[in-house]
$ cat structure14.txt   # compact mmCIF, C-alpha atoms
# COMPACT_ATOMS: atom_id res chain seq x y z
CA MET A 8 4.87 -34.07 17.14
CA ASN A 9 1.90 -32.90 15.06
CA LEU A 10 2.13 -29.24 16.11
CA PRO A 11 5.32 -28.41 14.13
CA VAL A 12 3.84 -30.12 11.05
CA LEU A 13 0.57 -28.18 11.35
CA LYS A 14 2.50 -24.96 11.88
CA SER A 15 4.59 -25.63 8.78
CA ILE A 16 1.46 -26.28 6.72
CA GLU A 17 -0.13 -23.03 7.95
CA GLU A 18 2.99 -21.09 6.89
CA ILE A 19 2.63 -22.28 3.28
CA PRO A 20 1.22 -19.38 1.18
CA ARG A 21 -2.50 -19.73 0.58
CA VAL A 22 -2.06 -19.17 -3.15
CA TRP A 23 0.25 -22.18 -3.28
CA LYS A 24 -2.42 -24.34 -1.69
CA LYS A 25 -5.02 -23.19 -4.22
CA ALA A 26 -2.61 -23.72 -7.12
CA TYR A 27 -1.80 -27.22 -5.83
CA LEU A 28 -5.47 -28.20 -5.68
CA LEU A 29 -6.12 -26.83 -9.18
CA LEU A 30 -3.10 -28.67 -10.59
CA CYS A 31 -4.21 -31.93 -8.99
CA LEU A 32 -7.72 -31.47 -10.40
CA TRP A 33 -6.30 -30.69 -13.84
CA PHE A 34 -4.04 -33.76 -13.90
CA ALA A 35 -6.84 -35.91 -12.45
CA ALA A 36 -9.06 -34.89 -15.37
CA ASN A 37 -6.24 -35.61 -17.85
CA TYR A 38 -5.47 -39.01 -16.37
CA GLY A 39 -9.14 -39.88 -16.09
CA VAL A 40 -10.02 -39.02 -19.69
CA GLY A 41 -6.86 -40.65 -21.09
CA THR A 42 -7.33 -43.84 -19.11
CA PHE A 43 -11.01 -44.10 -20.02
CA ILE A 44 -10.20 -43.76 -23.73
CA GLU A 45 -7.45 -46.38 -23.43
CA TRP A 46 -9.82 -48.73 -21.58
CA LYS A 47 -12.52 -48.29 -24.23
CA LEU A 48 -10.37 -48.52 -27.33
CA GLU A 49 -7.18 -50.44 -26.49
CA ASN A 50 -7.12 -52.24 -23.14
CA PRO A 51 -10.45 -53.33 -21.58
CA ASN A 52 -8.75 -54.54 -18.36
CA THR A 53 -9.69 -52.64 -15.21
CA TYR A 54 -6.19 -52.79 -13.73
CA ILE A 55 -5.21 -49.81 -15.89
CA PHE A 56 -7.43 -47.64 -13.68
CA TRP A 57 -5.50 -48.77 -10.62
CA ASN A 58 -2.20 -48.08 -12.38
CA THR A 59 -3.42 -44.59 -13.25
CA LEU A 60 -4.48 -43.99 -9.65
CA TYR A 61 -1.00 -44.93 -8.37
CA LEU A 62 0.65 -42.67 -10.93
CA PHE A 63 -1.68 -39.82 -10.00
CA GLU A 64 -0.99 -40.21 -6.26
CA VAL A 65 2.76 -40.06 -6.82
CA LEU A 66 2.35 -37.07 -9.12
CA CYS A 67 0.43 -35.15 -6.44
CA ILE A 68 3.31 -35.77 -4.03
CA LEU A 69 5.88 -34.71 -6.63
CA ILE A 70 4.00 -31.46 -7.33
CA ILE A 71 4.65 -30.40 -3.73
CA GLY A 72 8.33 -31.16 -4.17
CA ILE A 73 8.45 -29.25 -7.49
CA PHE A 74 6.96 -26.15 -5.85
CA PHE A 75 9.54 -26.13 -3.06
CA TYR A 76 12.34 -26.95 -5.51
CA ALA A 77 11.30 -24.07 -7.81
CA ASN A 78 11.07 -21.76 -4.82
CA TRP A 79 14.61 -22.73 -3.83
CA LEU A 80 15.95 -22.20 -7.35
CA PHE A 81 14.24 -18.81 -7.63
CA ARG A 82 16.84 -17.18 -5.37
CA PHE A 83 19.62 -17.88 -7.91
CA ARG A 84 20.47 -16.30 -11.25
CA ILE A 85 18.40 -17.18 -14.30
CA TYR A 86 20.97 -19.44 -15.97
CA PHE A 87 21.25 -21.47 -12.75
CA GLN A 88 17.45 -21.73 -12.64
CA VAL A 89 17.30 -22.99 -16.24
CA ALA A 90 19.97 -25.62 -15.57
CA GLY A 91 18.25 -26.61 -12.32
CA HIS A 92 14.88 -27.03 -13.97
CA ALA A 93 16.42 -29.10 -16.79
CA ILE A 94 17.77 -31.47 -14.13
CA GLY A 95 14.44 -31.34 -12.31
CA ALA A 96 12.49 -32.23 -15.46
CA MET A 97 14.76 -35.22 -16.14
CA THR A 98 14.50 -36.39 -12.53
CA HIS A 99 10.71 -36.11 -12.63
CA PHE A 100 10.62 -38.06 -15.89
CA LEU A 101 12.80 -40.83 -14.45
CA ILE A 102 10.69 -41.14 -11.29
CA MET A 103 7.37 -41.27 -13.17
CA GLY A 104 8.88 -43.44 -15.93
CA THR A 105 10.28 -45.92 -13.39
CA LEU A 106 6.90 -46.12 -11.64
CA SER A 107 5.24 -46.67 -15.01
CA TYR A 108 7.75 -49.44 -15.75
CA TYR A 109 7.03 -51.09 -12.41
CA LEU A 110 3.24 -51.02 -12.91
CA GLU A 111 3.25 -52.08 -16.56
CA ASP A 112 6.29 -54.37 -17.00
CA TYR A 113 7.92 -55.34 -13.72
CA VAL A 114 4.77 -56.87 -12.17
CA GLU A 115 4.35 -58.84 -15.39
CA GLY A 116 7.77 -60.47 -14.94
CA TYR A 117 9.81 -58.20 -17.22
CA ALA A 118 12.41 -57.38 -14.59
CA GLY A 119 15.94 -56.17 -15.19
CA TRP A 120 18.04 -53.29 -16.44
CA ASP A 121 17.43 -54.00 -20.11
CA PHE A 122 13.65 -54.02 -19.71
CA TRP A 123 13.74 -50.79 -17.65
CA LYS A 124 15.96 -49.11 -20.24
CA ALA A 125 13.72 -50.24 -23.08
CA HIS A 126 10.66 -48.95 -21.26
CA ILE A 127 12.24 -45.54 -20.57
CA ILE A 128 13.43 -45.20 -24.18
CA GLY A 129 9.96 -46.11 -25.32
CA LEU A 130 8.48 -43.35 -23.18
CA LEU A 131 10.86 -40.84 -24.78
CA LYS A 132 9.31 -41.48 -28.16
CA TRP A 133 5.81 -40.22 -27.45
CA GLU A 134 3.59 -41.34 -24.60
CA GLY A 135 6.08 -40.45 -21.89
CA LEU A 136 6.39 -36.85 -23.00
CA HIS A 137 3.44 -35.93 -20.79
CA PHE A 138 5.72 -36.60 -17.80
CA HIS A 139 7.83 -33.67 -18.97
CA ASP A 140 4.68 -31.63 -19.44
CA GLN A 141 3.69 -32.25 -15.84
CA TYR A 142 6.93 -30.73 -14.60
CA ILE A 143 6.84 -27.81 -17.04
CA ILE A 144 3.21 -26.97 -16.24
CA THR A 145 3.85 -27.08 -12.49
CA VAL A 146 6.93 -24.87 -12.75
CA GLY A 147 5.05 -22.53 -15.09
CA VAL A 148 2.27 -22.15 -12.53
CA TYR A 149 4.86 -21.37 -9.84
CA TYR A 150 6.44 -18.62 -11.94
CA VAL A 151 3.07 -17.11 -12.81
CA ILE A 152 2.24 -16.99 -9.10
CA GLY A 153 5.66 -15.50 -8.38
CA TYR A 154 5.15 -12.83 -11.04
CA PHE A 155 1.81 -11.66 -9.65
CA GLN A 156 3.10 -11.87 -6.08
CA GLY A 157 5.97 -9.63 -7.16
CA LEU A 158 3.54 -7.10 -8.60
CA GLN A 159 1.45 -7.24 -5.43
CA LYS A 160 4.56 -6.77 -3.29
CA GLN A 161 5.60 -3.75 -5.37
CA GLU A 162 2.17 -2.17 -4.95
CA GLN A 163 2.27 -2.87 -1.21
CA GLU A 164 5.73 -1.33 -0.95
CA LYS A 165 4.53 1.71 -2.90
CA SER A 166 1.56 2.09 -0.55
CA GLU A 167 3.77 1.73 2.53
CA LEU A 168 6.25 4.22 1.07
CA ALA A 169 3.45 6.69 0.32
CA LEU A 170 2.14 6.31 3.88
CA LYS A 171 5.59 6.80 5.39
CA ASN A 172 6.15 9.76 3.10
CA ARG A 173 2.88 11.33 4.22
CA GLU A 174 3.71 10.77 7.89
CA MET A 175 7.17 12.22 7.29
CA GLN A 176 5.60 15.30 5.69
CA ILE A 177 3.40 15.82 8.74
CA SER A 178 6.40 15.36 11.04
CA LEU A 179 8.37 17.87 9.01
CA LEU A 180 5.44 20.25 9.16
CA LYS A 181 5.31 19.99 12.94
CA SER A 182 9.05 20.44 13.32
CA GLN A 183 8.91 23.47 11.03
CA ILE A 184 6.13 25.15 13.00
CA ASN A 185 6.99 24.37 16.57
CA PRO A 186 10.45 25.86 17.26
CA HIS A 187 10.09 29.48 16.10
CA PHE A 188 6.42 29.69 17.12
CA LEU A 189 7.24 28.35 20.59
CA PHE A 190 10.15 30.79 20.93
CA ASN A 191 8.01 33.81 20.05
CA THR A 192 5.14 32.70 22.28
CA LEU A 193 7.40 32.15 25.27
CA ASN A 194 8.74 35.67 24.79
CA SER A 195 5.17 36.97 24.79
CA ILE A 196 4.34 35.03 27.96
CA ASN A 197 7.49 36.36 29.61
CA THR A 198 6.36 39.92 28.82
CA LEU A 199 2.80 39.30 30.05
CA ILE A 200 3.87 37.86 33.40
CA GLY A 201 4.95 41.29 34.53
CA SER A 202 1.84 43.13 33.30
CA SER A 203 -1.06 40.64 33.29
CA LYS A 204 -0.71 37.24 34.93
CA GLU A 205 -4.30 36.32 33.99
CA GLN A 206 -3.62 36.92 30.31
CA ALA A 207 -0.34 35.02 30.60
CA ARG A 208 -2.25 32.03 31.99
CA LYS A 209 -4.69 32.22 29.06
CA VAL A 210 -1.82 32.22 26.56
CA ILE A 211 -0.23 29.23 28.30
CA THR A 212 -3.57 27.36 28.08
CA GLN A 213 -3.92 28.26 24.41
CA LEU A 214 -0.35 27.17 23.71
CA SER A 215 -1.02 23.88 25.49
CA ASP A 216 -4.13 23.29 23.35
CA ILE A 217 -2.17 24.04 20.18
CA PHE A 218 0.59 21.58 20.92
CA ARG A 219 -1.82 18.90 22.10
CA TYR A 220 -3.67 19.20 18.79
CA ALA A 221 -0.40 19.13 16.83
CA LEU A 222 0.93 16.08 18.66
CA ASP A 223 -2.36 14.20 18.25
CA SER A 224 -2.33 14.79 14.48
CA HIS A 225 -0.66 11.90 12.67
CA GLY A 226 -0.95 9.49 9.74
CA ASP A 227 -4.12 9.53 7.64
CA GLN A 228 -6.23 10.74 10.55
CA MET A 229 -8.91 13.26 9.59
CA VAL A 230 -10.44 15.91 11.84
CA LYS A 231 -13.63 17.92 11.68
CA LEU A 232 -13.34 21.42 10.27
CA ILE A 233 -14.65 22.88 13.52
CA GLN A 234 -11.68 21.35 15.37
CA GLU A 235 -9.25 22.81 12.88
CA LEU A 236 -10.91 26.23 13.25
CA ASP A 237 -10.55 26.05 17.05
CA PHE A 238 -6.88 25.29 16.52
CA ILE A 239 -6.54 28.29 14.17
CA ASP A 240 -8.37 30.53 16.67
CA ASN A 241 -5.90 29.61 19.42
CA TYR A 242 -3.00 30.23 17.08
CA ILE A 243 -4.34 33.67 16.05
CA ARG A 244 -5.08 34.71 19.66
CA ILE A 245 -1.48 33.97 20.63
CA GLN A 246 -0.20 35.92 17.63
CA GLN A 247 -2.49 38.82 18.53
CA VAL A 248 -0.82 38.99 21.93
CA ARG A 249 2.40 39.63 20.06
CA PHE A 250 1.12 41.96 17.32
CA GLY A 251 -1.84 43.56 19.12
CA ASP A 252 -4.22 45.58 16.96
CA ARG A 253 -1.92 45.20 13.97
CA LEU A 254 -3.31 41.72 13.38
CA LYS A 255 -7.00 41.23 12.64
CA PHE A 256 -8.64 37.95 11.79
CA VAL A 257 -11.98 37.35 10.06
CA LYS A 258 -13.69 33.99 9.46
CA GLN A 259 -16.24 33.52 6.69
CA VAL A 260 -17.29 29.91 7.17
CA ASP A 261 -20.32 28.12 5.73
CA PHE A 262 -21.93 26.45 8.77
CA SER A 263 -22.91 23.42 6.65
CA CYS A 264 -19.19 22.62 6.33
CA LEU A 265 -18.31 22.57 10.03
CA ASN A 266 -18.60 18.78 10.37
CA VAL A 267 -16.73 18.01 7.16
CA GLU A 268 -13.50 16.11 7.82
CA ILE A 269 -10.19 17.48 6.56
CA PRO A 270 -6.52 16.62 7.11
CA PRO A 271 -5.25 18.06 10.40
CA MET A 272 -3.06 21.18 10.37
CA ILE A 273 -3.84 21.83 6.72
CA LEU A 274 -4.81 25.49 7.24
CA GLN A 275 -2.31 26.51 9.92
CA PRO A 276 0.78 26.86 7.66
CA LEU A 277 -1.24 29.06 5.29
CA VAL A 278 -2.37 31.33 8.12
CA GLU A 279 1.15 31.36 9.54
CA ASN A 280 2.47 32.34 6.11
CA SER A 281 0.17 35.37 6.06
CA VAL A 282 1.13 36.39 9.59
CA LYS A 283 4.86 35.98 9.09
CA TYR A 284 5.34 37.42 5.61
CA GLY A 285 2.20 39.48 4.97
CA ILE A 286 1.20 41.19 8.19
CA ALA A 287 4.28 41.16 10.47
CA PRO A 288 6.60 43.17 8.15
CA LYS A 289 3.89 45.75 7.41
CA GLU A 290 4.01 48.77 9.71
CA ASP A 291 0.27 49.21 10.09
CA GLY A 292 -0.44 45.46 10.03
CA GLY A 293 -3.48 44.07 8.28
CA THR A 294 -6.32 41.58 8.18
CA ILE A 295 -6.34 37.85 7.46
CA ILE A 296 -9.58 36.45 6.08
CA LEU A 297 -10.29 32.71 6.24
CA THR A 298 -13.08 31.62 3.89
CA VAL A 299 -14.73 28.21 3.71
CA LYS A 300 -17.65 27.80 1.31
CA ARG A 301 -19.43 24.98 -0.44
CA PHE A 302 -19.91 25.04 -4.21
CA ASN A 303 -22.05 22.08 -5.33
CA ASN A 304 -19.88 19.02 -4.71
CA MET A 305 -16.74 20.97 -3.82
CA ILE A 306 -15.61 22.87 -0.73
CA PHE A 307 -13.56 26.01 -1.27
CA PHE A 308 -10.89 27.11 1.23
CA GLU A 309 -9.05 30.42 1.05
CA VAL A 310 -6.61 32.26 3.30
CA LYS A 311 -6.25 35.88 2.17
CA ASP A 312 -4.48 38.88 3.65
CA ASP A 313 -4.00 42.55 2.77
CA GLY A 314 -0.35 42.52 3.76
CA LEU A 315 2.73 43.06 1.63
CA GLY A 316 1.47 40.81 -1.17
CA SER A 317 3.75 40.68 -4.19
CA LYS A 318 6.34 42.79 -2.38
CA ALA A 319 7.14 39.74 -0.26
CA LYS A 320 8.68 37.95 -3.25
CA LYS A 321 10.02 34.93 -1.39
CA VAL A 322 6.50 34.03 -0.30
CA MET A 323 5.15 34.17 -3.83
CA ASP A 324 7.63 31.68 -5.26
CA GLY A 325 6.62 29.12 -2.63
CA SER A 326 10.13 28.86 -1.21
CA SER A 327 9.70 30.96 1.89
CA SER A 328 8.07 28.94 4.57
CA GLY A 329 9.15 26.14 2.25
CA VAL A 330 8.33 23.02 4.19
CA GLY A 331 4.96 24.30 5.45
CA VAL A 332 3.41 25.49 2.18
CA LYS A 333 5.06 22.78 0.06
CA ASN A 334 3.94 20.04 2.44
CA THR A 335 0.40 21.39 2.50
CA ASP A 336 0.31 21.30 -1.30
CA GLN A 337 1.70 17.74 -1.42
CA ARG A 338 -0.63 16.49 1.32
CA LEU A 339 -3.71 17.86 -0.46
CA LYS A 340 -2.66 16.29 -3.77
CA SER A 341 -1.84 12.92 -2.21
CA ILE A 342 -5.16 12.73 -0.34
CA PHE A 343 -7.64 14.37 -2.73
CA GLY A 344 -5.84 14.25 -6.10
CA PRO A 345 -3.84 16.71 -8.24
CA GLY A 346 -6.83 19.03 -8.65
CA SER A 347 -6.76 19.88 -4.95
CA GLY A 348 -3.32 21.49 -4.96
CA LEU A 349 -2.74 25.02 -3.71
CA ARG A 350 -3.56 28.02 -5.91
CA ILE A 351 -1.44 31.05 -5.02
CA HIS A 352 -2.33 34.59 -6.10
CA SER A 353 -0.62 37.85 -5.18
CA ASN A 354 -0.65 41.51 -6.07
CA GLU A 355 0.43 44.75 -4.46
CA TRP A 356 -2.68 44.74 -2.22
CA GLY A 357 -2.22 41.31 -0.69
CA TYR A 358 -1.74 37.61 -0.98
CA SER A 359 -4.12 34.64 -1.09
CA VAL A 360 -3.85 30.86 -1.09
CA SER A 361 -6.83 28.68 -1.96
CA PHE A 362 -7.72 25.07 -2.65
CA PHE A 363 -10.72 22.83 -3.26
CA ILE A 364 -11.57 19.44 -1.83
CA PRO A 365 -14.35 17.15 -3.13
CA TYR A 366 -17.36 17.33 -0.82
CA GLU A 367 -18.95 14.02 -1.92
CA GLU A 368 -15.84 11.92 -1.27
CA VAL A 369 -15.37 13.43 2.18
CA LEU A 370 -19.02 12.80 3.01
CA GLU A 371 -18.78 9.15 1.86
CA GLU A 372 -15.70 8.64 4.01
CA MET A 373 -17.50 10.05 7.02
CA LYS A 374 -20.44 7.72 6.46
CA SER A 375 -18.18 4.68 6.09
CA LYS A 376 -16.43 5.53 9.37
CA ALA A 377 -19.77 5.93 11.11
CA VAL A 378 -20.84 2.46 9.93

$ encode --input "structure14.txt" --output "structure tokens"
Amino acid sequence: MNLPVLKSIEEIPRVWKKAYLLLCLWFAANYGVGTFIEWKLENPNTYIFWNTLYLFEVLCILIIGIFFYANWLFRFRIYFQVAGHAIGAMTHFLIMGTLSYYLEDYVEGYAGWDFWKAHIIGLLKWEGLHFHDQYIITVGVYYVIGYFQGLQKQEQEKSELALKNREMQISLLKSQINPHFLFNTLNSINTLIGSSKEQARKVITQLSDIFRYALDSHGDQMVKLIQELDFIDNYIRIQQVRFGDRLKFVKQVDFSCLNVEIPPMILQPLVENSVKYGIAPKEDGGTIILTVKRFNNMIFFEVKDDGLGSKAKKVMDGSSSGVGVKNTDQRLKSIFGPGSGLRIHSNEWGYSVSFFIPYEEVLEEMKSKAV
């Protein structure tokens, strides 16, 4: 029998419980001070303290009812809420006024409708107005709580939406990379099977590592730069099977940055962009240079090629590989701030994409995860 009651109490919002205790303390202080002054100045009989205690106990019970009543009214339109609270205030006044009549008049022998009516009318003049205040204050506290809970819910929904949006961006990035890359790689493997089975096996292993890395990358997970570079190396080796000596790859990486954590698959779409639109269409191919350097509290990343450059116009306007480059830009901004967005430069001698991430913030995050 007690378990359902305990469960129901546990389901009551914690902020309601705190507000209830504060309201009871507030009204206890009001009743206590008012009764003490009345006892000192007007009525030296101790029974008025007992009367106040009874009134206070009933009020504490009514506060619970007012909270649930206000919560029920809150689902309706505003005019219905106003009308409902007007009725609620009158009902609260009648309950507290009737109890006051019983404690002050009825027990003294003044029983009957006329005495009750006279007592209630007397309360309407002045001293009973605090019964209305009790209802108004309690409802006011409920609406203040509801307002801040609404703001908190909005912020939570925004955070959840941002997280879902980020996960969706990563999913889109994967779906954009996988199909055409897989198709080209399978064609390369098919060609190698006839000429070099050992090299075909190596490409299959590299392809397996690439897709394992891609599938393991999700959410806000961060990876070490050295893992991302291994991923890029596998990607380039597979592309070199296809393009041969036409594709060269150079890494210029500051060794102090190898353990820095970055978002997964943040470099791959930039390298792929250079391969697909810079090197592949160029008859004599070219070189892709990946640079990672530390400048004070920032880490600089750049993917540069000496391919078609500005001649590949659809790459320069950011609409070519579309999802890949755009998602990379949005992911960087959402994680590290607007200042970490992509910077794209092109000329007739090549094309480069660069970005910065704050070194100190990344380092702090790594330390917090280690703890």

$ closest_residue --input "structure14.txt" --among "A:Ile351, A:Leu339, A:Val22, A:Val360" --to "Met272 of chain A" --atoms "only C-alpha atoms"
A:Leu339

$ closest_residue --input "structure14.txt" --among "A:Phe43, A:Gln156, A:Ala36, A:Phe138" --to "Leu66 of chain A" --atoms "only C-alpha atoms"
A:Phe138

$ residues_around --input "structure14.txt" --residues "segment 53-60 of chain A" --least-positions-apart "2" --cutoff "7 Å" --atoms "only C-alpha atoms" --output "PDB file with C-alpha atoms, in the coordinates of the input"
ATOM      1  CA  TYR A  38      -5.470 -39.010 -16.370  1.00  0.00           C
ATOM      2  CA  THR A  42      -7.330 -43.840 -19.110  1.00  0.00           C
ATOM      3  CA  PRO A  51     -10.450 -53.330 -21.580  1.00  0.00           C
ATOM      4  CA  LEU A  62       0.650 -42.670 -10.930  1.00  0.00           C
ATOM      5  CA  PHE A  63      -1.680 -39.820 -10.000  1.00  0.00           C
ATOM      6  CA  GLU A  64      -0.990 -40.210  -6.260  1.00  0.00           C
ATOM      7  CA  LEU A 110       3.240 -51.020 -12.910  1.00  0.00           C
TER       8      LEU A 110
END

$ residues_around --input "structure14.txt" --residues "Asp121 of chain A" --least-positions-apart "5" --cutoff "12 Å" --atoms "all atoms listed in the file" --output "MDAnalysis selection string"
chainID A and resid 108 112:113 126:128

$ write_last_selection --input "structure14.txt" --atoms "C-alpha atoms" --output "PDB file, in the frame of the given file"
ATOM      1  CA  TYR A 108       7.750 -49.440 -15.750  1.00  0.00           C
ATOM      2  CA  ASP A 112       6.290 -54.370 -17.000  1.00  0.00           C
ATOM      3  CA  TYR A 113       7.920 -55.340 -13.720  1.00  0.00           C
ATOM      4  CA  HIS A 126      10.660 -48.950 -21.260  1.00  0.00           C
ATOM      5  CA  ILE A 127      12.240 -45.540 -20.570  1.00  0.00           C
ATOM      6  CA  ILE A 128      13.430 -45.200 -24.180  1.00  0.00           C
TER       7      ILE A 128
END

$ residues_around --input "structure14.txt" --residues "Ile217 of chain A" --least-positions-apart "3" --cutoff "9 Å" --atoms "only C-alpha atoms" --output "list in words"
Thr212, Gln213, Leu214, Tyr220, Ala221, Leu222, Phe238, Ile239, Asn241 and Tyr242 of chain A

$ residues_around --input "structure14.txt" --residues "Val65 of chain A" --least-positions-apart "5" --cutoff "9 Å" --atoms "only C-alpha atoms" --output "PyMOL selection string"
chain A and resi 60+70+103+106

$ residues_around --input "structure14.txt" --residues "segment 84-92 of chain A" --least-positions-apart "4" --cutoff "9 Å" --atoms "only C-alpha atoms" --output "list in words"
Tyr76, Ala77, Leu80, Ala96, Met97, Tyr142, Ile143 and Val146 of chain A

$ write_last_selection --input "structure14.txt" --atoms "C-alpha atoms" --output "compact mmCIF listing (two decimals), keeping the file's coordinate frame"
# COMPACT_ATOMS: atom_id res chain seq x y z
CA TYR A 76 12.34 -26.95 -5.51
CA ALA A 77 11.30 -24.07 -7.81
CA LEU A 80 15.95 -22.20 -7.35
CA ALA A 96 12.49 -32.23 -15.46
CA MET A 97 14.76 -35.22 -16.14
CA TYR A 142 6.93 -30.73 -14.60
CA ILE A 143 6.84 -27.81 -17.04
CA VAL A 146 6.93 -24.87 -12.75

$ closest_residue --input "structure14.txt" --among "A:Val332, A:Val310, A:Leu232, A:Ile196" --to "Asn266 of chain A" --atoms "only C-alpha atoms"
A:Leu232

$ closest_residue --input "structure14.txt" --among "A:Tyr154, A:Phe262, A:Phe256, A:Phe363" --to "Asp313 of chain A" --atoms "all atoms listed in the file"
A:Phe256

$ atom_distance --input "structure14.txt" --atom1 "atom CA of Gly344 of chain A" --atom2 "atom CA of Gln161 of chain A"
21.3 Å

$ closest_residue --input "structure14.txt" --among "A:Leu32, A:Leu199, A:Val257, A:Ile364" --to "Pro270 of chain A" --atoms "only C-alpha atoms"
A:Ile364

$ atom_distance --input "structure14.txt" --atom1 "atom CA of Asn197 of chain A" --atom2 "atom CA of Gln246 of chain A"
14.2 Å

$ atom_distance --input "structure14.txt" --atom1 "atom CA of Thr298 of chain A" --atom2 "atom CA of Asp252 of chain A"
21.1 Å

$ closest_residue --input "structure14.txt" --among "A:Val260, A:Lys132, A:Asp140, A:Leu236" --to "Gln275 of chain A" --atoms "only C-alpha atoms"
A:Leu236

$ decode --input "structure14.txt" --residues "segment 242-256 of chain A" --atoms "N, CA and C atoms" --output "PDB file, in the first residue's frame"
ATOM      1  N   TYR A 242      43.915   5.876 -46.817  1.00  0.00           N
ATOM      2  CA  TYR A 242      43.119   6.432 -47.916  1.00  0.00           C
ATOM      3  C   TYR A 242      44.003   6.783 -49.113  1.00  0.00           C
ATOM      4  N   ILE A 243      45.147   7.448 -48.836  1.00  0.00           N
ATOM      5  CA  ILE A 243      46.055   7.859 -49.910  1.00  0.00           C
ATOM      6  C   ILE A 243      46.659   6.641 -50.610  1.00  0.00           C
ATOM      7  N   ARG A 244      47.059   5.620 -49.840  1.00  0.00           N
ATOM      8  CA  ARG A 244      47.657   4.428 -50.449  1.00  0.00           C
ATOM      9  C   ARG A 244      46.687   3.765 -51.426  1.00  0.00           C
ATOM     10  N   ILE A 245      45.407   3.717 -51.049  1.00  0.00           N
ATOM     11  CA  ILE A 245      44.416   3.125 -51.948  1.00  0.00           C
ATOM     12  C   ILE A 245      44.262   3.979 -53.209  1.00  0.00           C
ATOM     13  N   GLN A 246      44.261   5.303 -53.023  1.00  0.00           N
ATOM     14  CA  GLN A 246      44.148   6.190 -54.186  1.00  0.00           C
ATOM     15  C   GLN A 246      45.388   6.094 -55.078  1.00  0.00           C
ATOM     16  N   GLN A 247      46.545   5.853 -54.462  1.00  0.00           N
ATOM     17  CA  GLN A 247      47.772   5.723 -55.259  1.00  0.00           C
ATOM     18  C   GLN A 247      47.770   4.464 -56.098  1.00  0.00           C
ATOM     19  N   VAL A 248      47.049   3.436 -55.634  1.00  0.00           N
ATOM     20  CA  VAL A 248      46.895   2.238 -56.467  1.00  0.00           C
ATOM     21  C   VAL A 248      46.173   2.605 -57.755  1.00  0.00           C
ATOM     22  N   ARG A 249      45.219   3.501 -57.638  1.00  0.00           N
ATOM     23  CA  ARG A 249      44.425   3.919 -58.792  1.00  0.00           C
ATOM     24  C   ARG A 249      45.188   4.893 -59.694  1.00  0.00           C
ATOM     25  N   PHE A 250      45.859   5.879 -59.075  1.00  0.00           N
ATOM     26  CA  PHE A 250      46.495   6.942 -59.863  1.00  0.00           C
ATOM     27  C   PHE A 250      47.995   6.717 -60.086  1.00  0.00           C
ATOM     28  N   GLY A 251      48.594   5.804 -59.345  1.00  0.00           N
ATOM     29  CA  GLY A 251      50.015   5.518 -59.522  1.00  0.00           C
ATOM     30  C   GLY A 251      50.891   6.707 -59.173  1.00  0.00           C
ATOM     31  N   ASP A 252      51.914   6.941 -60.002  1.00  0.00           N
ATOM     32  CA  ASP A 252      52.863   8.027 -59.726  1.00  0.00           C
ATOM     33  C   ASP A 252      52.258   9.417 -59.924  1.00  0.00           C
ATOM     34  N   ARG A 253      51.072   9.479 -60.464  1.00  0.00           N
ATOM     35  CA  ARG A 253      50.439  10.793 -60.657  1.00  0.00           C
ATOM     36  C   ARG A 253      50.035  11.429 -59.341  1.00  0.00           C
ATOM     37  N   LEU A 254      49.915  10.637 -58.299  1.00  0.00           N
ATOM     38  CA  LEU A 254      49.508  11.165 -56.992  1.00  0.00           C
ATOM     39  C   LEU A 254      50.640  11.005 -55.987  1.00  0.00           C
ATOM     40  N   LYS A 255      51.123  12.125 -55.495  1.00  0.00           N
ATOM     41  CA  LYS A 255      52.150  12.125 -54.444  1.00  0.00           C
ATOM     42  C   LYS A 255      51.564  12.766 -53.201  1.00  0.00           C
ATOM     43  N   PHE A 256      52.047  12.302 -52.056  1.00  0.00           N
ATOM     44  CA  PHE A 256      51.509  12.798 -50.791  1.00  0.00           C
ATOM     45  C   PHE A 256      52.655  13.087 -49.831  1.00  0.00           C
TER      46      PHE A 256
END
